[in-house]
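Dumped coords_23.txt below, it's compact mmCIF, C-alpha atoms:
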# COMPACT_ATOMS: atom_id res chain seq x y z
CA MET W 1 0.21 10.65 26.49
CA SER W 2 2.77 12.55 24.38
CA GLU W 3 2.50 12.64 20.62
CA ILE W 4 4.00 9.74 18.67
CA ILE W 5 5.64 10.53 15.32
CA VAL W 6 6.54 7.75 12.89
CA LYS W 7 8.96 8.69 10.10
CA PHE W 8 10.50 6.68 7.27
CA HIS W 9 14.06 7.18 6.08
CA LYS W 10 14.33 5.83 2.56
CA ASN W 11 16.96 8.34 1.40
CA GLU W 12 18.73 9.16 4.66
CA LYS W 13 21.69 7.32 6.11
CA ILE W 14 20.90 6.11 9.61
CA ALA W 15 23.86 4.60 11.47
CA ASP W 16 23.56 0.82 11.78
CA GLU W 17 24.20 0.89 15.52
CA LEU W 18 21.05 3.00 16.00
CA LEU W 19 18.80 0.27 14.60
CA ALA W 20 17.34 -1.27 17.74
CA PHE W 21 14.28 -3.08 16.37
CA ALA W 22 13.32 -5.33 13.47
CA VAL W 23 9.66 -5.54 12.43
CA ILE W 24 8.56 -8.00 9.77
CA MET W 25 5.34 -7.73 7.76
CA SER W 26 4.80 -11.42 7.07
CA ARG W 27 2.60 -13.16 4.53
CA HIS W 28 1.68 -16.86 4.25
CA ASP W 29 -0.73 -18.25 1.63
CA ASN W 30 -1.76 -14.67 0.77
CA LYS W 31 -2.72 -13.93 4.40
CA TRP W 32 -1.04 -11.45 6.74
CA ILE W 33 0.29 -12.84 10.01
CA PHE W 34 -0.28 -10.96 13.26
CA CYS W 35 0.73 -12.23 16.69
CA ARG W 36 -0.94 -12.17 20.10
CA HIS W 37 1.35 -11.87 23.12
CA ARG W 38 0.54 -14.15 26.07
CA ASN W 39 -0.15 -11.14 28.29
CA ARG W 40 -2.30 -9.19 25.82
CA ASP W 41 -5.50 -9.58 23.84
CA THR W 42 -4.38 -7.32 20.99
CA TYR W 43 -2.55 -8.03 17.72
CA GLU W 44 0.93 -7.01 16.67
CA ILE W 45 3.32 -7.35 13.75
CA PRO W 46 6.11 -9.91 14.35
CA GLY W 47 9.31 -8.26 15.53
CA GLY W 48 11.53 -7.45 18.45
CA HIS W 49 14.72 -6.00 19.92
CA ARG W 50 18.18 -6.45 18.51
CA GLU W 51 20.54 -8.44 20.71
CA PRO W 52 24.18 -7.41 21.41
CA GLY W 53 26.55 -8.38 18.60
CA GLU W 54 23.67 -9.27 16.25
CA SER W 55 23.16 -7.81 12.78
CA ILE W 56 19.76 -6.22 12.24
CA ASP W 57 19.11 -8.69 9.39
CA ASP W 58 19.76 -11.60 11.76
CA THR W 59 17.44 -9.98 14.29
CA ALA W 60 14.67 -10.00 11.70
CA LYS W 61 15.19 -13.68 10.86
CA ARG W 62 15.40 -14.71 14.52
CA GLU W 63 12.30 -12.77 15.54
CA LEU W 64 10.36 -14.07 12.55
CA TRP W 65 11.06 -17.67 13.57
CA LYS W 66 10.55 -16.96 17.26
CA GLU W 67 7.20 -15.19 16.89
CA THR W 68 5.60 -17.05 13.97
CA GLY W 69 7.33 -20.45 13.77
CA ALA W 70 8.50 -19.71 10.20
CA THR W 71 11.10 -22.24 9.09
CA GLU W 72 11.18 -21.56 5.35
CA PHE W 73 10.83 -18.01 4.07
CA SER W 74 12.29 -15.22 1.96
CA ILE W 75 12.84 -11.86 3.63
CA GLU W 76 13.65 -8.43 2.19
CA PRO W 77 14.31 -5.03 3.79
CA VAL W 78 11.72 -2.33 3.14
CA CYS W 79 13.15 0.73 4.89
CA VAL W 80 14.44 2.23 8.13
CA TYR W 81 11.87 3.93 10.35
CA SER W 82 11.93 6.02 13.50
CA VAL W 83 9.47 6.52 16.34
CA THR W 84 9.67 9.76 18.33
CA GLN W 85 7.81 10.21 21.59
CA GLY W 86 8.44 12.63 24.44
CA GLY W 87 11.53 14.00 22.75
CA GLU W 88 13.19 10.58 22.43
CA THR W 89 13.69 8.83 19.09
CA SER W 90 14.27 5.13 18.48
CA TYR W 91 15.10 3.51 15.15
CA GLY W 92 14.16 0.22 13.59
CA LYS W 93 14.14 -1.58 10.27
CA LEU W 94 11.00 -2.77 8.50
CA TYR W 95 11.05 -6.00 6.49
CA PHE W 96 8.71 -8.03 4.31
CA ALA W 97 8.71 -11.83 4.53
CA GLU W 98 7.01 -14.40 2.34
CA ILE W 99 6.66 -17.50 4.52
CA ARG W 100 6.55 -20.88 2.81
CA LYS W 101 6.49 -23.18 5.85
CA LEU W 102 5.35 -22.72 9.45
CA ASP W 103 6.13 -24.90 12.45
CA LEU W 104 4.58 -24.90 15.92
CA LEU W 105 5.56 -22.13 18.29
CA SER W 106 7.81 -23.08 21.16
CA SER W 107 6.00 -23.68 24.46
CA GLU W 108 8.37 -21.08 25.92
CA SER W 109 7.46 -18.44 23.35
CA GLU W 110 6.01 -15.16 24.60
CA ILE W 111 3.57 -15.40 21.67
CA ALA W 112 0.38 -17.30 22.48
CA GLU W 113 -1.00 -17.57 18.95
CA ILE W 114 -0.61 -16.29 15.43
CA TYR W 115 -3.58 -15.17 13.36
CA PHE W 116 -4.13 -14.86 9.62
CA PHE W 117 -5.89 -11.81 8.15
CA ASP W 118 -6.82 -10.54 4.70
CA ILE W 119 -6.35 -6.96 5.94
CA GLN W 120 -4.91 -5.29 9.01
CA PRO W 121 -6.98 -6.09 12.13
CA SER W 122 -8.49 -3.27 14.16
CA ARG W 123 -7.46 -4.24 17.71
CA LEU W 124 -3.74 -3.44 17.66
CA THR W 125 -1.16 -3.38 20.46
CA TYR W 126 0.47 -0.24 19.07
CA PRO W 127 -2.32 1.55 17.20
CA LEU W 128 -0.30 4.73 16.63
CA ILE W 129 2.67 2.91 15.09
CA GLN W 130 1.63 -0.36 13.44
CA PRO W 131 -0.80 1.11 10.87
CA ALA W 132 1.99 3.31 9.49
CA LEU W 133 4.33 0.31 9.17
CA TYR W 134 1.58 -1.77 7.56
CA LYS W 135 0.82 0.96 5.03
CA LYS W 136 4.50 1.48 4.18
CA ALA W 137 4.96 -2.25 3.55
CA GLN W 138 1.90 -2.32 1.27
CA ILE W 139 3.22 0.60 -0.80
CA TRP W 140 6.62 -1.07 -1.07
CA LEU W 141 5.05 -4.38 -2.07
CA SER W 142 2.99 -2.68 -4.78
CA LEU W 143 6.18 -1.26 -6.27
CA GLN W 144 7.73 -4.72 -6.49
CA SER W 145 5.22 -5.80 -9.14
CA ALA W 146 6.47 -4.81 -12.61
CA LYS W 147 9.64 -3.62 -10.84
CA ASP W 148 11.47 -2.99 -14.15
CA GLU W 149 8.75 -0.64 -15.40
CA MET W 150 10.24 2.74 -16.35
CA TRP W 151 8.79 6.14 -15.43
CA ASP W 152 9.44 9.59 -16.85
CA VAL W 153 10.91 11.86 -14.16
CA TYR W 154 9.54 15.36 -13.45
CA ASP W 155 10.77 18.18 -11.24
CA THR W 156 8.80 19.81 -8.43
CA ASN W 157 7.02 22.04 -10.98
CA ARG W 158 5.98 19.03 -13.09
CA LYS W 159 8.42 19.86 -15.84
CA PRO W 160 10.02 16.85 -17.59
CA THR W 161 13.66 16.33 -16.68
CA GLY W 162 14.41 14.10 -19.67
CA ARG W 163 15.39 11.29 -17.31
CA THR W 164 13.66 7.97 -16.60
CA HIS W 165 13.46 5.93 -13.40
CA ARG W 166 13.04 2.24 -12.59
CA ARG W 167 9.84 1.59 -10.63
CA ALA W 168 11.29 -0.62 -7.89
CA ASN W 169 13.99 1.89 -6.88
CA PRO W 170 13.29 4.79 -4.47
CA LEU W 171 12.97 8.14 -6.22
CA PRO W 172 15.62 10.67 -5.12
CA PRO W 173 14.33 13.75 -3.25
CA GLY W 174 12.94 16.35 -5.65
CA ASP W 175 12.10 13.81 -8.36
CA TYR W 176 8.49 12.97 -9.22
CA HIS W 177 6.52 10.73 -11.54
CA ILE W 178 2.89 10.82 -12.70
CA ALA W 179 0.21 8.57 -11.20
CA VAL W 180 -3.49 8.35 -12.03
CA HIS W 181 -6.58 7.36 -10.09
CA VAL W 182 -9.48 6.68 -12.44
CA TRP W 183 -13.09 6.72 -11.27
CA LEU W 184 -15.74 5.29 -13.60
CA GLN W 185 -19.22 6.64 -12.82
CA ASN W 186 -22.38 5.36 -14.48
CA SER W 187 -25.57 7.27 -15.19
CA ASN W 188 -27.01 6.10 -11.84
CA GLY W 189 -24.18 7.86 -10.00
CA GLU W 190 -22.52 4.59 -8.99
CA PHE W 191 -18.77 3.97 -9.20
CA LEU W 192 -17.12 0.89 -10.65
CA ILE W 193 -14.65 -0.40 -8.06
CA THR W 194 -12.27 -3.36 -8.11
CA LYS W 195 -10.79 -5.66 -5.49
CA ARG W 196 -7.02 -5.99 -5.41
CA ALA W 197 -5.55 -9.44 -5.97
CA PRO W 198 -4.26 -11.19 -2.80
CA ASN W 199 -0.65 -11.12 -4.01
CA LYS W 200 -0.50 -7.31 -4.24
CA GLY W 201 0.09 -4.61 -1.70
CA PHE W 202 -3.15 -3.73 0.14
CA PRO W 203 -4.38 -7.25 -0.75
CA ASN W 204 -8.09 -8.01 -0.96
CA MET W 205 -9.01 -4.36 -0.50
CA TRP W 206 -11.32 -2.44 -2.81
CA GLU W 207 -10.26 0.65 -4.75
CA CYS W 208 -10.73 2.58 -7.96
CA THR W 209 -8.66 1.79 -11.04
CA GLY W 210 -5.24 3.41 -11.05
CA GLY W 211 -1.50 3.17 -11.43
CA ALA W 212 1.64 4.89 -12.61
CA ALA W 213 2.23 6.49 -16.00
CA ILE W 214 4.96 4.57 -17.79
CA ALA W 215 7.66 6.27 -19.82
CA GLY W 216 6.07 7.92 -22.85
CA ASP W 217 2.60 8.14 -21.28
CA ASP W 218 0.78 11.37 -20.67
CA SER W 219 -1.89 11.47 -17.98
CA THR W 220 -4.79 10.78 -20.36
CA SER W 221 -3.16 7.78 -22.02
CA ALA W 222 -2.13 6.42 -18.61
CA ALA W 223 -5.72 6.65 -17.33
CA ILE W 224 -7.16 4.85 -20.37
CA ARG W 225 -4.42 2.20 -20.31
CA GLU W 226 -4.95 1.47 -16.60
CA VAL W 227 -8.69 1.01 -17.11
CA LYS W 228 -8.03 -1.42 -19.95
CA GLU W 229 -5.32 -3.34 -18.08
CA GLU W 230 -7.29 -3.72 -14.84
CA THR W 231 -10.84 -4.21 -16.12
CA GLY W 232 -10.65 -4.96 -19.84
CA LEU W 233 -12.96 -1.97 -20.48
CA ASP W 234 -12.42 0.79 -23.05
CA ALA W 235 -12.72 4.23 -21.51
CA ASN W 236 -13.74 6.94 -23.98
CA PRO W 237 -11.35 9.92 -23.79
CA GLU W 238 -14.25 12.29 -24.50
CA SER W 239 -16.12 11.08 -21.41
CA GLY W 240 -13.25 11.78 -19.02
CA ILE W 241 -11.96 14.80 -17.15
CA CYS W 242 -9.05 15.29 -14.77
CA LEU W 243 -10.81 16.81 -11.76
CA PHE W 244 -7.74 17.76 -9.75
CA THR W 245 -4.12 16.85 -9.03
CA LEU W 246 -2.41 15.96 -5.74
CA GLN W 247 1.31 16.62 -5.35
CA ARG W 248 2.45 13.87 -3.00
CA GLU W 249 5.81 12.73 -1.65
CA ASP W 250 7.16 11.54 -5.00
CA ASP W 251 4.36 11.83 -7.56
CA PHE W 252 1.74 14.03 -9.14
CA CYS W 253 -1.48 12.04 -8.79
CA ASP W 254 -4.17 13.04 -11.28
CA ILE W 255 -7.72 12.20 -10.20
CA TRP W 256 -9.78 11.30 -13.26
CA LEU W 257 -13.54 10.93 -13.61
CA PHE W 258 -15.08 9.13 -16.59
CA ARG W 259 -18.85 9.36 -16.82
CA GLN W 260 -19.59 6.30 -18.90
CA ASP W 261 -21.93 3.32 -18.62
CA PHE W 262 -20.40 -0.17 -18.55
CA ASP W 263 -22.06 -3.53 -18.04
CA ILE W 264 -20.40 -5.16 -15.03
CA ARG W 265 -20.55 -8.46 -16.95
CA ASP W 266 -18.09 -7.01 -19.46
CA VAL W 267 -15.37 -6.58 -16.85
CA ILE W 268 -12.46 -8.96 -17.42
CA LEU W 269 -10.59 -9.57 -14.17
CA GLN W 270 -6.84 -9.50 -14.61
CA GLU W 271 -4.85 -12.31 -12.95
CA PHE W 272 -2.52 -10.98 -10.22
CA GLU W 273 -4.22 -7.56 -10.51
CA THR W 274 -7.95 -7.72 -9.77
CA ALA W 275 -10.02 -10.32 -7.92
CA ASP W 276 -13.53 -8.85 -8.18
CA ALA W 277 -15.48 -5.86 -9.46
CA LYS W 278 -18.80 -4.20 -8.65
CA TYR W 279 -20.68 -0.91 -8.66
CA ALA W 280 -21.00 1.02 -5.40
CA THR W 281 -22.53 4.33 -4.34
CA ALA W 282 -20.55 7.01 -2.51
CA ASP W 283 -22.26 6.06 0.75
CA GLU W 284 -21.45 2.39 0.25
CA ILE W 285 -17.80 3.28 -0.35
CA ARG W 286 -17.74 5.34 2.85
CA ARG W 287 -19.13 2.34 4.78
CA MET W 288 -16.50 0.08 3.21
CA ILE W 289 -13.79 2.48 4.38
CA SER W 290 -15.21 2.40 7.92
CA ASN W 291 -15.09 -1.41 7.79
CA GLY W 292 -11.49 -1.45 6.54
CA GLU W 293 -12.49 -2.91 3.17
CA PHE W 294 -11.71 0.07 0.92
CA ILE W 295 -8.45 2.02 0.64
CA ALA W 296 -9.10 5.33 2.39
CA PHE W 297 -8.01 8.00 -0.08
CA ASP W 298 -7.82 11.43 1.56
CA TYR W 299 -9.51 13.19 -1.35
CA LEU W 300 -12.77 11.22 -1.49
CA ASP W 301 -15.04 13.95 -0.11
CA THR W 302 -13.77 16.33 -2.81
CA LEU W 303 -14.16 13.67 -5.49
CA PHE W 304 -17.72 12.81 -4.52
CA GLU W 305 -18.70 16.49 -4.32
CA GLN W 306 -17.30 17.24 -7.78
CA SER W 307 -18.61 14.03 -9.36
CA PHE W 308 -22.18 15.06 -8.48
CA SER W 309 -21.77 18.77 -9.25
CA GLY W 310 -23.36 18.41 -12.68
CA GLY W 311 -20.29 19.33 -14.66
CA THR W 312 -19.81 17.68 -18.05
CA PRO W 313 -16.47 16.19 -19.03
Please re-express this file's structure in structure tokens.
Amino acid sequence: MSEIIVKFHKNEKIADELLAFAVIMSRHDNKWIFCRHRNRDTYEIPGGHREPGESIDDTAKRELWKETGATEFSIEPVCVYSVTQGGETSYGKLYFAEIRKLDLLSSESEIAEIYFFDIQPSRLTYPLIQPALYKKAQIWLSLQSAKDEMWDVYDTNRKPTGRTHRRANPLPPGDYHIAVHVWLQNSNGEFLITKRAPNKGFPNMWECTGGAAIAGDDSTSAAIREVKEETGLDANPESGICLFTLQREDDFCDIWLFRQDFDIRDVILQEFETADAKYATADEIRRMISNGEFIAFDYLDTLFEQSFSGGTP
């Protein structure tokens, strides 16, 4: 089988007539909807081909009703995507839908059943494509919370440009903001992790504390603020160290480690932010990743190695 490459085109103009597919990440009662085709035993995201003379937005609405039975919903575009295989490229548009009311599927529908999941299921019809679309929709959804939040803009060398940017809008190429991931490690070597609220992107998944630096924040103040906002805990600046920085597509992500003991009973869960909290060892976190329960950050092996290296913040 030839390699499959999925690419997203948030800043590129793709001609409308090239958009052949609409795919809709759909949520109902804080659960993700996946479909099972009558001829398959795997799961897929609702979506389908564009018909002649149809707008791509109308394709999305038609396919959403056809494959899920949705009769009342809101739907928003996320981005254009492309799939390249064997030298041929096809284009589609990814959407997010919040479904308020579902009806029964037509007896003539090619979809046998719809299923509701907290997280993406493992047995997928298109396992080399659908996870990328799922992840992109989760990132987009996360940006829609506090969409009017303002960020300071930096250049590719992390020098301030003097400009600010609205969170919900795509950053232009070459512009960056600062993000922080904050790991709280107790004296037993365990990490305090939190479960994302069901209304957020990557719902019901576990993670460390983190977020974007708002305008006026430096990395340290952003890390301490995020800990307070998501857990109600007060991180001591003297107990923290920025272990390393990742330069990603549109941000500089600082990975912080605070070695500080907190009583889990002192955690205050934040409505629409966090649904649960607990301590976990590095091995437990690895098992949670394998089970699809924890967001799989690429840097975790480096983090765990440095967090147990004996260095003192």
**Study point:** Contacts of Asp41 (chain W) at 12 Å (all atoms listed in the file; same-chain gap of 2+ positions) as an NGL selection string
**Key:** :W and (34-39 or 43-44 or 111-114 or 122-125)
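The interatomic distance for the pair CA of Arg163 (chain W) and CA of Asp148 (chain W) works out to 15.1 Å.
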Point to revise | Between CA of Val6 (chain W) and CA of Ser82 (chain W) - distance in Å to one decimal | key: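 Pair CA of Ser82 (chain W) / CA of Val6 (chain W) returns 5.7 Å.
Near Met205 (chain W), within 10 Å and counting only C-alpha atoms, sit Asp118, Ile119, Thr194, Lys195, Arg196, Ala197, Pro198, Lys200, Thr274, Ala275, Asp276, Met288, Ile289, Gly292, Glu293, Phe294 and Ile295 of chain W; same-chain residues fewer than 5 positions away were not included.
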Check your understanding: Which is closer to Asp16 (chain W) than all the others in W:Ile75, W:Val80, W:Leu141, W:Ile255, using all atoms listed in the file?
Key ->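 Of W:Ile75, W:Val80, W:Leu141, W:Ile255, the one nearest Asp16 (chain W), counting all atoms listed in the file, is W:Val80.
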**Study point:** Minimum-distance residue to Phe8 (chain W), chosen among W:Asn291, W:Asn30, W:Asn157, W:Ser90 (using all atoms listed in the file)
**Key:**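 Residue with the minimum atom-to-atom distance to Phe8 (chain W): W:Ser90.
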Exercise for review: Just the residues within 10 Å of Val83 (chain W), please, counting all atoms listed in the file, with nothing from its chain fewer than 5 positions along; format it as a ChimeraX atom specification.
Suggested key: /W:4-8,88-92,128-129
Residue contacts of Gly210 (chain W) (9 Å, all atoms listed in the file) excluding same-chain residues fewer than 4 positions away, as a PDB file with C-alpha atoms, keeping the file's coordinate frame:
ATOM      1  CA  ALA W 179       0.210   8.570 -11.200  1.00  0.00           C
ATOM      2  CA  VAL W 180      -3.490   8.350 -12.030  1.00  0.00           C
ATOM      3  CA  HIS W 181      -6.580   7.360 -10.090  1.00  0.00           C
ATOM      4  CA  VAL W 182      -9.480   6.680 -12.440  1.00  0.00           C
ATOM      5  CA  TRP W 183     -13.090   6.720 -11.270  1.00  0.00           C
ATOM      6  CA  ALA W 222      -2.130   6.420 -18.610  1.00  0.00           C
ATOM      7  CA  ALA W 223      -5.720   6.650 -17.330  1.00  0.00           C
ATOM      8  CA  GLU W 226      -4.950   1.470 -16.600  1.00  0.00           C
ATOM      9  CA  VAL W 227      -8.690   1.010 -17.110  1.00  0.00           C
ATOM     10  CA  GLU W 230      -7.290  -3.720 -14.840  1.00  0.00           C
TER      11      GLU W 230
END
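For the pair CA of Trp65 (chain W) and CA of Ala168 (chain W), the interatomic distance is 27.4 Å.
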Exercise for review: Could you tell me which of W:Ala15, W:Leu246, W:Leu233, W:Ala146 comes closest to Leu184 (chain W) if we count only C-alpha atoms?
Suggested key: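 Nearest to Leu184 (chain W): W:Leu233.
Residue nearest Ile264 (chain W), chosen from W:Glu110, W:Glu249, W:Glu305, W:Glu190 and counting all atoms listed in the file: W:Glu190.
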Check your understanding: Near His49 (chain W), within 7 Å and counting all atoms listed in the file, which residues show up once chain neighbours fewer than 4 positions away are dropped, as a VMD selection string?
Key -> chain W and resid 20 to 22
